[in-house]
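Q: What follows is model-v9.csv; its format and atoms are CSV, C-alpha atoms.
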chain,number,residue,atom,x,y,z
J,10,MET,CA,11.5,-4.6,68.5
J,11,THR,CA,12.6,-7.0,65.7
J,12,THR,CA,12.8,-9.9,68.2
J,13,LEU,CA,9.2,-9.1,69.4
J,14,LEU,CA,7.9,-9.3,65.8
J,15,ASP,CA,9.9,-12.4,65.1
J,16,SER,CA,8.4,-14.2,68.1
J,17,VAL,CA,4.9,-14.4,66.5
J,18,LYS,CA,3.5,-15.6,63.1
J,19,PHE,CA,1.9,-13.3,60.5
J,20,ASP,CA,-0.1,-14.3,57.5
J,21,ALA,CA,0.9,-13.3,53.9
J,22,ASP,CA,-0.9,-10.0,54.3
J,23,GLY,CA,0.8,-9.1,57.5
J,24,TYR,CA,-2.1,-9.9,59.9
J,25,LEU,CA,-1.2,-11.7,63.1
J,26,GLU,CA,-2.2,-15.4,62.8
J,27,ASP,CA,-3.1,-15.9,66.5
J,28,ALA,CA,-5.1,-13.0,67.9
J,29,ASN,CA,-4.5,-14.3,71.4
J,30,ALA,CA,-0.8,-13.9,71.0
J,31,TRP,CA,-1.3,-10.1,70.8
J,32,THR,CA,0.0,-7.8,73.6
J,33,PRO,CA,0.0,-3.9,73.6
J,34,GLU,CA,3.8,-4.0,73.1
J,35,LEU,CA,3.3,-6.2,70.0
J,36,GLY,CA,0.7,-3.7,68.8
J,37,LYS,CA,3.2,-0.9,69.1
J,38,ALA,CA,5.8,-2.9,67.2
J,39,ILE,CA,3.4,-3.7,64.4
J,40,ALA,CA,2.4,-0.1,64.2
J,41,GLU,CA,6.0,0.9,63.9
J,42,ARG,CA,6.6,-1.6,61.1
J,43,GLU,CA,3.6,0.0,59.3
J,44,GLY,CA,5.1,3.5,59.9
J,45,ILE,CA,2.6,4.6,62.5
J,46,THR,CA,3.4,6.2,65.9
J,47,LEU,CA,0.6,5.3,68.2
J,48,THR,CA,-1.2,8.0,70.2
J,49,ASP,CA,-4.0,7.9,72.8
J,50,ARG,CA,-6.5,8.2,70.0
J,51,HIS,CA,-5.1,5.2,68.2
J,52,TRP,CA,-5.4,3.3,71.4
J,53,THR,CA,-9.1,4.2,71.8
J,54,ILE,CA,-9.7,2.4,68.5
J,55,ILE,CA,-7.3,-0.5,69.2
J,56,ASN,CA,-8.8,-1.2,72.6
J,57,TYR,CA,-12.3,-1.0,71.3
J,58,ALA,CA,-11.4,-3.4,68.4
J,59,ARG,CA,-9.9,-5.8,70.9
J,60,ASN,CA,-13.0,-5.7,73.1
J,61,GLU,CA,-15.3,-6.3,70.1
J,62,TRP,CA,-13.2,-9.2,69.0
J,63,LYS,CA,-13.3,-10.7,72.5
J,64,THR,CA,-17.1,-10.5,72.6
J,65,LYS,CA,-18.0,-11.1,69.0
J,66,GLY,CA,-15.1,-13.1,67.6
J,67,GLU,CA,-14.3,-10.7,64.7
J,68,ALA,CA,-12.8,-7.3,64.0
J,69,PRO,CA,-15.4,-4.5,64.2
J,70,THR,CA,-16.4,-2.7,61.0
J,71,LEU,CA,-15.4,1.0,60.7
J,72,ARG,CA,-19.0,2.0,61.0
J,73,ASN,CA,-19.2,0.1,64.2
J,74,ILE,CA,-16.1,1.9,65.5
J,75,THR,CA,-17.4,5.4,64.5
J,76,LYS,CA,-20.8,4.7,66.0
J,77,ASN,CA,-19.5,3.4,69.3
J,78,THR,CA,-16.4,5.5,70.0
J,79,ASP,CA,-15.9,9.2,69.9
J,80,VAL,CA,-13.6,8.8,66.9
J,81,ASP,CA,-15.4,10.0,63.7
J,82,THR,CA,-14.7,9.0,60.1
J,83,ARG,CA,-12.4,11.9,59.3
J,84,GLU,CA,-10.2,11.3,62.4
J,85,LEU,CA,-10.1,7.6,61.6
J,86,TYR,CA,-8.5,8.3,58.2
J,87,THR,CA,-6.2,10.8,59.8
J,88,LEU,CA,-5.0,8.3,62.3
J,89,PHE,CA,-4.6,5.5,59.7
J,90,PRO,CA,-3.9,7.3,56.4
J,91,SER,CA,-3.0,4.1,54.6
J,92,GLY,CA,-6.5,2.6,55.2
J,93,PRO,CA,-8.1,2.3,58.6
J,94,GLY,CA,-10.0,-0.9,57.5
J,95,LYS,CA,-6.8,-2.8,57.2
J,96,MET,CA,-4.5,-1.0,59.5
J,97,ALA,CA,-6.6,-0.8,62.7
J,98,ALA,CA,-7.2,-4.6,62.6
J,99,LYS,CA,-3.6,-5.3,61.8
J,100,ILE,CA,-2.2,-3.3,64.7
J,101,ALA,CA,-4.9,-4.7,67.0
J,102,GLY,CA,-3.6,-8.2,66.1
J,103,LEU,CA,-6.9,-9.2,64.5
J,104,HIS,CA,-7.7,-10.8,61.1
J,105,LYS,CA,-8.7,-8.8,58.1
J,106,PRO,CA,-12.2,-7.4,58.7
J,107,THR,CA,-14.8,-9.2,56.6
J,108,GLY,CA,-17.4,-6.4,56.8
J,109,CYS,CA,-18.0,-4.1,53.8
J,110,ILE,CA,-18.7,-0.9,55.7
X,14,MET,CA,3.5,-3.8,52.5
X,15,SER,CA,3.4,-0.1,53.1
X,16,ASP,CA,6.0,0.5,50.3
X,17,LYS,CA,3.5,-0.4,47.6
X,18,PRO,CA,2.5,2.6,45.4
X,19,VAL,CA,-0.9,4.0,46.3
X,20,ARG,CA,-3.7,2.4,44.2
X,21,LYS,CA,-6.2,4.6,42.5
X,22,LEU,CA,-9.9,3.8,41.6
X,23,SER,CA,-12.3,5.8,39.5
X,24,ILE,CA,-16.0,5.0,39.7
X,25,ILE,CA,-18.6,6.3,37.3
X,26,ALA,CA,-22.1,6.3,38.7
X,27,SER,CA,-24.7,6.6,36.0
X,28,LYS,CA,-27.9,5.3,37.7
X,29,GLY,CA,-30.0,7.0,40.3
X,30,SER,CA,-32.4,4.3,41.6
X,31,LEU,CA,-32.1,3.2,45.2
X,32,ASP,CA,-30.7,-0.2,44.3
X,33,MET,CA,-28.1,1.3,41.9
X,34,ALA,CA,-27.0,4.1,44.3
X,35,TYR,CA,-25.4,1.6,46.7
X,36,PRO,CA,-22.9,-0.3,44.6
X,37,PRO,CA,-20.7,2.8,43.8
X,38,LEU,CA,-20.9,4.0,47.4
X,39,ILE,CA,-20.1,0.7,48.9
X,40,LEU,CA,-17.1,0.1,46.5
X,41,ALA,CA,-15.8,3.6,47.0
X,42,ASN,CA,-16.0,3.2,50.8
X,43,ALA,CA,-14.3,-0.3,50.6
X,44,ALA,CA,-11.5,1.1,48.5
X,45,ARG,CA,-10.9,4.0,50.9
X,46,MET,CA,-10.9,1.6,53.9
X,47,SER,CA,-8.1,-0.3,52.1
X,48,GLY,CA,-6.2,2.9,51.5
X,49,VAL,CA,-7.0,3.2,47.8
X,50,GLU,CA,-7.4,6.7,46.3
X,51,VAL,CA,-11.0,7.2,45.0
X,52,ASN,CA,-12.6,9.6,42.5
X,53,LEU,CA,-16.3,9.3,41.8
X,54,PHE,CA,-18.0,10.8,38.8
X,55,PHE,CA,-21.8,11.1,38.9
X,56,THR,CA,-23.4,11.3,35.5
X,57,PHE,CA,-27.0,11.3,34.1
X,58,TRP,CA,-29.3,9.7,36.7
X,59,GLY,CA,-26.4,9.0,38.9
X,60,LEU,CA,-26.4,12.8,39.7
X,61,ASP,CA,-29.5,12.2,41.9
X,62,ILE,CA,-27.2,10.4,44.4
X,63,ILE,CA,-25.4,13.6,45.2
X,64,THR,CA,-28.2,16.1,44.5
X,65,LYS,CA,-29.3,17.5,47.9
X,66,LYS,CA,-33.0,17.4,47.1
X,67,LYS,CA,-33.0,13.9,45.7
X,68,MET,CA,-30.4,11.8,47.5
X,69,ASP,CA,-32.7,10.8,50.4
X,70,HIS,CA,-35.7,10.1,48.2
X,71,LEU,CA,-34.4,7.6,45.7
X,72,HIS,CA,-36.7,4.9,44.6
X,73,VAL,CA,-36.3,1.4,43.3
X,74,ALA,CA,-38.1,0.7,40.0
X,75,VAL,CA,-40.6,-2.2,40.3
X,76,VAL,CA,-41.7,-2.3,36.7
X,77,GLY,CA,-39.1,-3.3,34.1
X,78,ASN,CA,-36.5,-4.3,36.7
X,79,PRO,CA,-35.7,-7.9,35.8
X,80,SER,CA,-33.2,-8.3,38.6
X,81,MET,CA,-35.6,-7.9,41.5
X,82,HIS,CA,-34.7,-10.5,44.1
X,83,PRO,CA,-37.5,-13.0,44.9
X,84,SER,CA,-38.0,-11.5,48.4
X,85,PHE,CA,-38.6,-8.1,46.8
X,86,HIS,CA,-40.3,-9.4,43.7
X,87,ILE,CA,-43.4,-7.7,42.5
X,88,PRO,CA,-45.0,-8.9,39.2
X,89,THR,CA,-45.0,-6.2,36.5
X,90,LEU,CA,-48.8,-5.9,36.4
X,91,VAL,CA,-49.0,-5.4,40.2
X,92,GLY,CA,-46.1,-3.0,39.9
X,93,VAL,CA,-48.1,-0.5,38.0
X,94,ILE,CA,-50.5,0.1,40.9
X,95,PRO,CA,-49.7,3.5,42.5
X,96,GLY,CA,-47.6,3.3,45.5
X,97,MET,CA,-45.9,0.0,44.7
X,98,SER,CA,-42.5,1.6,44.0
X,99,ALA,CA,-42.7,3.5,47.3
X,100,ALA,CA,-43.6,0.3,49.1
X,101,ALA,CA,-40.7,-1.6,47.5
X,102,SER,CA,-38.4,1.3,48.3
X,103,ALA,CA,-39.4,1.4,51.9
X,104,MET,CA,-38.8,-2.4,52.1
X,105,MET,CA,-35.4,-2.1,50.6
X,106,ARG,CA,-34.4,0.8,52.9
X,107,LYS,CA,-35.3,-1.4,55.8
X,108,GLU,CA,-33.2,-4.3,54.6
X,109,ILE,CA,-30.3,-2.0,53.9
X,110,ALA,CA,-30.5,-0.6,57.4
X,111,LYS,CA,-30.5,-4.1,58.8
X,112,LEU,CA,-27.1,-4.6,57.2
X,113,ASP,CA,-25.9,-1.4,59.0
X,114,PHE,CA,-25.5,0.5,55.7
X,115,PRO,CA,-26.5,4.1,56.1
X,116,PRO,CA,-29.2,5.9,54.1
X,117,VAL,CA,-27.9,7.4,50.8
X,118,GLY,CA,-27.3,10.9,52.1
X,119,GLU,CA,-25.4,9.8,55.1
X,120,PHE,CA,-23.5,7.3,53.0
X,121,VAL,CA,-22.4,10.0,50.6
X,122,LYS,CA,-21.1,12.1,53.6
X,123,LEU,CA,-19.3,9.0,55.0
X,124,VAL,CA,-17.6,8.5,51.6
X,125,MET,CA,-16.6,12.1,51.5
X,126,ASP,CA,-15.3,12.1,55.1
X,127,SER,CA,-13.2,9.0,54.1
X,128,GLY,CA,-11.4,11.2,51.7
X,129,ALA,CA,-12.9,10.2,48.4
X,130,ASN,CA,-13.4,13.0,45.8
X,131,LEU,CA,-16.9,13.4,44.3
X,132,TYR,CA,-17.7,15.2,41.1
X,133,GLY,CA,-20.9,15.9,39.2
X,134,CYS,CA,-20.8,15.6,35.4
X,135,LYS,CA,-20.9,19.1,33.9
X,136,MET,CA,-22.9,18.1,30.8
X,137,SER,CA,-25.5,16.2,32.8
X,138,MET,CA,-25.9,19.1,35.2
X,139,ASP,CA,-26.4,21.5,32.4
X,140,MET,CA,-29.0,19.2,30.9
X,141,MET,CA,-30.9,18.9,34.2
X,142,LYS,CA,-30.5,22.6,35.0
X,143,LEU,CA,-28.4,21.9,38.1
X,144,THR,CA,-25.6,24.0,39.6
X,145,GLN,CA,-22.9,23.1,42.1
X,146,LYS,CA,-25.2,24.6,44.8
X,147,ASP,CA,-27.7,21.8,44.1
X,148,LEU,CA,-25.1,19.2,44.9
X,149,VAL,CA,-24.1,18.0,48.3
X,150,ASP,CA,-21.5,20.4,49.9
X,151,GLY,CA,-18.0,19.4,49.0
X,152,ALA,CA,-18.8,17.9,45.6
X,153,GLY,CA,-17.1,19.4,42.6
X,154,VAL,CA,-18.1,19.7,39.0
X,155,LEU,CA,-16.0,18.3,36.2
X,156,GLY,CA,-16.2,17.7,32.5
X,157,ALA,CA,-15.9,14.1,31.2
X,158,MET,CA,-12.5,14.8,29.7
X,159,GLU,CA,-11.1,16.2,32.9
X,160,PHE,CA,-12.4,13.1,34.8
X,161,ILE,CA,-10.7,10.8,32.3
X,162,GLU,CA,-7.5,12.7,32.9
X,163,LEU,CA,-8.0,12.4,36.6
X,164,SER,CA,-8.4,8.6,36.2
X,165,ASP,CA,-5.0,8.2,34.5
X,166,GLY,CA,-3.1,5.3,35.9
X,167,GLY,CA,-5.9,3.9,38.0
X,168,GLN,CA,-8.7,1.4,37.6
X,169,THR,CA,-12.1,2.5,36.4
X,170,LEU,CA,-15.5,1.1,37.2
X,171,PHE,CA,-18.8,2.0,35.5
X,172,VAL,CA,-22.0,1.5,37.4
Step by step, read the file and then write its structure as structure tokens.
A:
Amino acid sequence: MTTLLDSVKFDADGYLEDANAWTPELGKAIAEREGITLTDRHWTIINYARNEWKTKGEAPTLRNITKNTDVDTRELYTLFPSGPGKMAAKIAGLHKPTGCI
Amino acid sequence: MSDKPVRKLSIIASKGSLDMAYPPLILANAARMSGVEVNLFFTFWGLDIITKKKMDHLHVAVVGNPSMHPSFHIPTLVGVIPGMSAAASAMMRKEIAKLDFPPVGEFVKLVMDSGANLYGCKMSMDMMKLTQKDLVDGAGVLGAMEFIELSDGGQTLFV
């Protein structure tokens, strides 16, 4: 795991510098570093975030995620207790979301 | 990163106009998204934001509001014409929706679902003859002193 995380670059806040360098294995390793064990529900969000980034070039807002997946706000906070805004993007290998909602 | 102590933010919302209802909600939501613990205290006109009957009918004042953005600006003398505040409020609601911000009632629910704690100010509620039942479900009632205690060790914002 350590070697996988060492093979890529992160910015000062822990976000992956090159979103293209992300792989599901790397996502898993980042999650572990952040103390999160990924479940299918986490992957629903991560996959959605990756797809949004591919089409729109930025991490989706949480409102976008709860509107377009079957994960609601409460669940989102249960899945990422230390802050879904930061954490979902971080694990999905995206930059810090710029949206305010 | 994850070893940092949990940050804590207290927000006091004292204004109940449409334009002033959003800043505390947006900041509370942003803080929760970043994993910051949030307590909101609604006092005086701010109570309207969490009062069931009022939350979805907030208006923006067009008279005596010096900060009206040019695109919303209505001269004071025109502002006194009946219906101007409703028109300006409708316009602002539309602009807010364009940015994908929910209406106030839905936003309050979102902030609650995100894990923020909401409290009505006891004294203001007594003054306005409101009880906990008049507030949105899930909101508590606190005295100012208790809220100050709750805010211990965190940052406080007054809106």
Q: At most 10 Å is the cut-off: for each residue in chain X with any atom that close to an atom of chain J, write down the nearest atom pair and the distance in Å rounded to one decimal, counting all atoms listed in the file, chain first then increasing number, as JSON lines.
A:
{"residue": "X:Met14", "atom": "CA", "partner": "J:Gly23", "partner_atom": "CA", "distance": 7.8}
{"residue": "X:Ser15", "atom": "CA", "partner": "J:Glu43", "partner_atom": "CA", "distance": 6.2}
{"residue": "X:Asp16", "atom": "CA", "partner": "J:Glu43", "partner_atom": "CA", "distance": 9.3}
{"residue": "X:Val19", "atom": "CA", "partner": "J:Ser91", "partner_atom": "CA", "distance": 8.6}
{"residue": "X:Leu38", "atom": "CA", "partner": "J:Ile110", "partner_atom": "CA", "distance": 9.9}
{"residue": "X:Ile39", "atom": "CA", "partner": "J:Ile110", "partner_atom": "CA", "distance": 7.1}
{"residue": "X:Leu40", "atom": "CA", "partner": "J:Cys109", "partner_atom": "CA", "distance": 8.5}
{"residue": "X:Asn42", "atom": "CA", "partner": "J:Ile110", "partner_atom": "CA", "distance": 6.9}
{"residue": "X:Ala43", "atom": "CA", "partner": "J:Cys109", "partner_atom": "CA", "distance": 6.2}
{"residue": "X:Ala44", "atom": "CA", "partner": "J:Gly92", "partner_atom": "CA", "distance": 8.5}
{"residue": "X:Arg45", "atom": "CA", "partner": "J:Gly92", "partner_atom": "CA", "distance": 6.3}
{"residue": "X:Met46", "atom": "CA", "partner": "J:Gly94", "partner_atom": "CA", "distance": 4.5}
{"residue": "X:Ser47", "atom": "CA", "partner": "J:Gly92", "partner_atom": "CA", "distance": 4.5}
{"residue": "X:Gly48", "atom": "CA", "partner": "J:Gly92", "partner_atom": "CA", "distance": 3.7}
{"residue": "X:Val49", "atom": "CA", "partner": "J:Gly92", "partner_atom": "CA", "distance": 7.4}
{"residue": "X:Glu50", "atom": "CA", "partner": "J:Ser91", "partner_atom": "CA", "distance": 9.7}
{"residue": "X:Leu112", "atom": "CA", "partner": "J:Ile110", "partner_atom": "CA", "distance": 9.3}
{"residue": "X:Asp113", "atom": "CA", "partner": "J:Ile110", "partner_atom": "CA", "distance": 7.9}
{"residue": "X:Phe114", "atom": "CA", "partner": "J:Ile110", "partner_atom": "CA", "distance": 6.9}
{"residue": "X:Pro115", "atom": "CA", "partner": "J:Arg72", "partner_atom": "CA", "distance": 9.2}
{"residue": "X:Phe120", "atom": "CA", "partner": "J:Ile110", "partner_atom": "CA", "distance": 9.9}
{"residue": "X:Lys122", "atom": "CA", "partner": "J:Thr82", "partner_atom": "CA", "distance": 9.6}
{"residue": "X:Leu123", "atom": "CA", "partner": "J:Thr82", "partner_atom": "CA", "distance": 6.9}
{"residue": "X:Val124", "atom": "CA", "partner": "J:Thr82", "partner_atom": "CA", "distance": 9.0}
{"residue": "X:Met125", "atom": "CA", "partner": "J:Arg83", "partner_atom": "CA", "distance": 8.9}
{"residue": "X:Asp126", "atom": "CA", "partner": "J:Arg83", "partner_atom": "CA", "distance": 5.1}
{"residue": "X:Ser127", "atom": "CA", "partner": "J:Arg83", "partner_atom": "CA", "distance": 6.0}
{"residue": "X:Gly128", "atom": "CA", "partner": "J:Tyr86", "partner_atom": "CA", "distance": 7.7}
Q: So how far away is CA of Thr53 (chain J) from CA of Leu103 (chain J), in Å?
A: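 Separating CA of Leu103 (chain J) from CA of Thr53 (chain J) is a distance of 15.4 Å.
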Q: One decimal, Å: what's the distance from CA of Ala152 (chain X) over to CA of Phe54 (chain X), could you say?
A: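 Atom-to-atom, CA of Ala152 (chain X) to CA of Phe54 (chain X), that is 9.9 Å.
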Q: Just the number, please: distance in Å from CA of Gln168 (chain X) to CA of Leu22 (chain X), one decimal.
A: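 Straight-line distance from CA of Gln168 (chain X) to CA of Leu22 (chain X) works out to 4.8 Å.
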Q: Counting only C-alpha atoms, figure out which residue out of X:Leu31, X:Ala26, X:Val51, X:Ala129 gets nearest to Met68 (chain X).
A: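 When distances to Met68 (chain X) are compared using only C-alpha atoms, the smallest one comes from X:Leu31.
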Q: For a cutoff of 12 Å around the file-coordinate point (-2.6, -13.2, 62.3), which residues qualify once you count all atoms listed in the file? I'd like the result as an MDAnalysis selection string.
A: chainID J and resid 14 17:31 35:36 39 68 98:106
Q: Show which residues sit within 8 Å of Gly29 (chain X), as a list in words. Count all atoms listed in the file, and ignore same-chain residues fewer than 2 positions away.
A: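 Residues meeting the cut-off are Ser27, Leu31, Met33, Ala34, Trp58, Gly59, Leu60, Asp61, Ile62 and Leu71 of chain X.
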Q: Which one is closest to Val93 (chain X): X:Val75, X:Leu148, X:Leu131, X:Val154? Count only C-alpha atoms.
A: X:Val75
